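Novice: Below you'll find the structure I mean.
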Amino acid sequence: MAVIPVRSPLVVGSILNWNGGRDTIECLESVRQLDYPNYLTVVVDNGSWDDSVERIRAWAAPSPGSSSAFVEYTREAALRGGGEAQEASLDATKSKKRLVLIRNEENLGFTAGNNVSIHYALKRPRAAEYVFLLNNDTVLEEDCLTHLVGAAEKSGAGIVGAVVLDESGRHPIFNGRTTLVRQFFHPFVNWQLAPPQSDGEFWDSDSVHGGAMMIRSDVLGSVYSLQHHYLRDELFMYLDEAEFHYHVRKLGYRSVVARDAVVHHKGAHSSGGVENPMAYYYIERNRILVASVVLPFGWKLVFHLINTPLGLARILKNATRRRPRAAGAILHGLFDGYRGVSGKWRLHDREARRDADA
């Protein structure tokens with residue numbers, strides 16, 4: 001069992017939901033079991049068209065005489081830091097029993113959706129010292145947050161990430177042993193290295209998985225002062241954490257991965273799965289947009305020299321496997337990336353509804 005840090009700073013967890021109520025509630029169930037004593041959970045609903053909001057309300061609704069605190073805010077109210085009475089009620093309630101639901105009227109993507117909860121966390125009367133971004137299709141081990149905070153306090157790092165395993169817990173999806181450059185040159189190099197063979201509680205990393213990433217509040221403030229945003233809204237989703245890390249490292253902050261902070265990931269359920277056209281589109285497009293920002297000049301030239309042939313190979317591979325939607329999404333992403341198109345894909349909702357109806 002993890003040792004609770006001597007100091008227990010407030011951590012605000014941000015879970016983004018978009019038509020994924022079942023996964024979100026499973027994630028919330030694991031959050032409720034955390035052994036860390038000082039956290040506030042925020043769910044941001046990104047304009048879901050299914051029954052997600054009703055499911056979350058029903059799950060969170062306090063029973064008569066209970067000591068639970070459930071608060072619901074519009075986006076505008078959240079950006080103001082919430083209401084004084086509601087916030088006092090939350091702060092007076094035990095961590096496991098408090099939940100904030102922020103409702104965005106439209107799908108703002110992973111980036112802008114989480115930016116709402118980040119802004120709320122930093123503007124509320126009792127501001128967060130850390131913000132923990134968490135995918136809704138994850139399940140946390142009960143000591144995960146304790147290990148994250150412990151690693152943050154010992155290392156002084158601006159960002160601390162979890163080790164991300166698959167649902168079975170046997171296969172690592174992400175361990176932080178990578179570099180910014182490696183992420184853009186797969187399959188020519190292994191994009192992820194083996195974890196270090198040591199007993200250390202954490203190790204340095206150029207990147208942390210955006211679905212299980214804890215960030216110090218002053219780091220968020222510094223990035224905002226530099227870039228006028230936290231995560232870049234225009235990326236919508238995927239590879240946003242790579243660009244965020246680039247700015248954080250540029251400002252001189254350290255990033256680490258906590259060895260014993262473990263999160264189980266279901267495999268891109270929130271975007272429809274890794275073979276969903278939306279995932280293909282945003283990864284393809286944002287690889288180009290982000291590489292243009294984060295790669296050194298020489299590596300940038302190499303990237304652009306090989307990226308189009310690799311993209312065409314990915315299109316051909318999917319076409320021959322009779323996945324025309326995926327092939328088309330990669331083509332759109334490649335084309336839009338080099339045209340500098342950002343924001344929500346114009347076919348996003350059509351593809352999402354096709355999956356929902358399937």
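Labels for the structure tokens follow display order: chains A, B, ..., residues from 1 in each chain, ligands from 1.
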Near Arg22 (chain A), counting only C-alpha atoms, which residues have an atom at most 9 Å away, once you skip same-chain residues fewer than 4 positions from it, shown as a ChimeraX atom specification?
Specialist: /A:26-27,52,55-56
Novice: Could you write out that same residue set with C-alpha atoms as a CSV table (one decimal), in the first residue's frame?
Specialist:
```csv
chain,number,residue,atom,x,y,z
A,26,GLU,CA,-16.7,2.8,-14.5
A,27,CYS,CA,-13.9,5.4,-14.4
A,52,SER,CA,-24.6,10.2,-20.6
A,55,ARG,CA,-26.5,8.4,-16.2
A,56,ILE,CA,-23.9,10.5,-14.5
```
Novice: Using DSSP on the backbone coordinates, identify all residues within region 6-121 of chain A classified as helix (DSSP H, G or I); present the result as a ChimeraX atom specification.
Specialist: /A:21-32,52-60,75-79,84-91,95-97,109-121
Novice: What separation in Å, quoted to one decimal, exists between CA of Val219 (chain A) and CA of Ala279 (chain A)?
Specialist: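 CA of Ala279 (chain A) lies at a distance of 28.4 Å from CA of Val219 (chain A).
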Novice: So, with only C-alpha atoms as the atoms that count, which of A:Val223, A:Ala88, A:Ile118, A:Leu28 lies closest to Asn136 (chain A)?
Specialist: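 The closest residue to Asn136 (chain A) is A:Leu28.
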Novice: Run DSSP on the backbone and give me the residues of region 134-325 of chain A it puts in strand (DSSP E or B), as a ChimeraX atom specification.
Specialist: /A:134,138-140,159-165,172-174,202-204,212-216,255-265
Novice: Please save C-alpha atoms of the selected residues as a tab-separated table (two decimals), in the first residue's frame.
Specialist:
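The resulting file, selection-v5.tsv, is reproduced below:
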```tsv
chain	number	residue	atom	x	y	z
A	134	LEU	CA	-7.78	11.45	-17.10
A	138	THR	CA	-9.51	4.27	-17.95
A	139	VAL	CA	-9.63	2.53	-14.59
A	140	LEU	CA	-7.22	3.59	-11.83
A	159	ILE	CA	4.24	17.09	-14.98
A	160	VAL	CA	3.88	13.57	-13.59
A	161	GLY	CA	2.40	10.75	-15.60
A	162	ALA	CA	1.14	7.27	-14.82
A	163	VAL	CA	2.22	3.99	-16.35
A	164	VAL	CA	-0.61	3.02	-18.70
A	165	LEU	CA	-1.44	-0.67	-19.11
A	172	PRO	CA	2.13	-1.70	-21.24
A	173	ILE	CA	0.57	0.85	-23.59
A	174	PHE	CA	2.76	3.71	-22.41
A	202	PHE	CA	10.02	7.73	-11.09
A	203	TRP	CA	12.01	8.44	-14.22
A	204	ASP	CA	12.39	11.46	-16.50
A	212	ALA	CA	-3.25	10.09	-17.27
A	213	MET	CA	-1.27	13.30	-16.81
A	214	MET	CA	-0.99	15.36	-13.62
A	215	ILE	CA	0.19	18.96	-14.00
A	216	ARG	CA	1.27	21.48	-11.39
A	255	SER	CA	8.49	15.76	-16.52
A	256	VAL	CA	8.55	12.32	-14.90
A	257	VAL	CA	6.59	9.07	-14.93
A	258	ALA	CA	5.73	7.47	-11.58
A	259	ARG	CA	6.56	3.75	-11.66
A	260	ASP	CA	3.81	2.59	-9.30
A	261	ALA	CA	1.03	4.92	-10.48
A	262	VAL	CA	-0.92	2.53	-12.70
A	263	VAL	CA	-3.87	3.20	-14.98
A	264	HIS	CA	-5.63	0.61	-17.14
A	265	HIS	CA	-6.75	1.88	-20.54
```
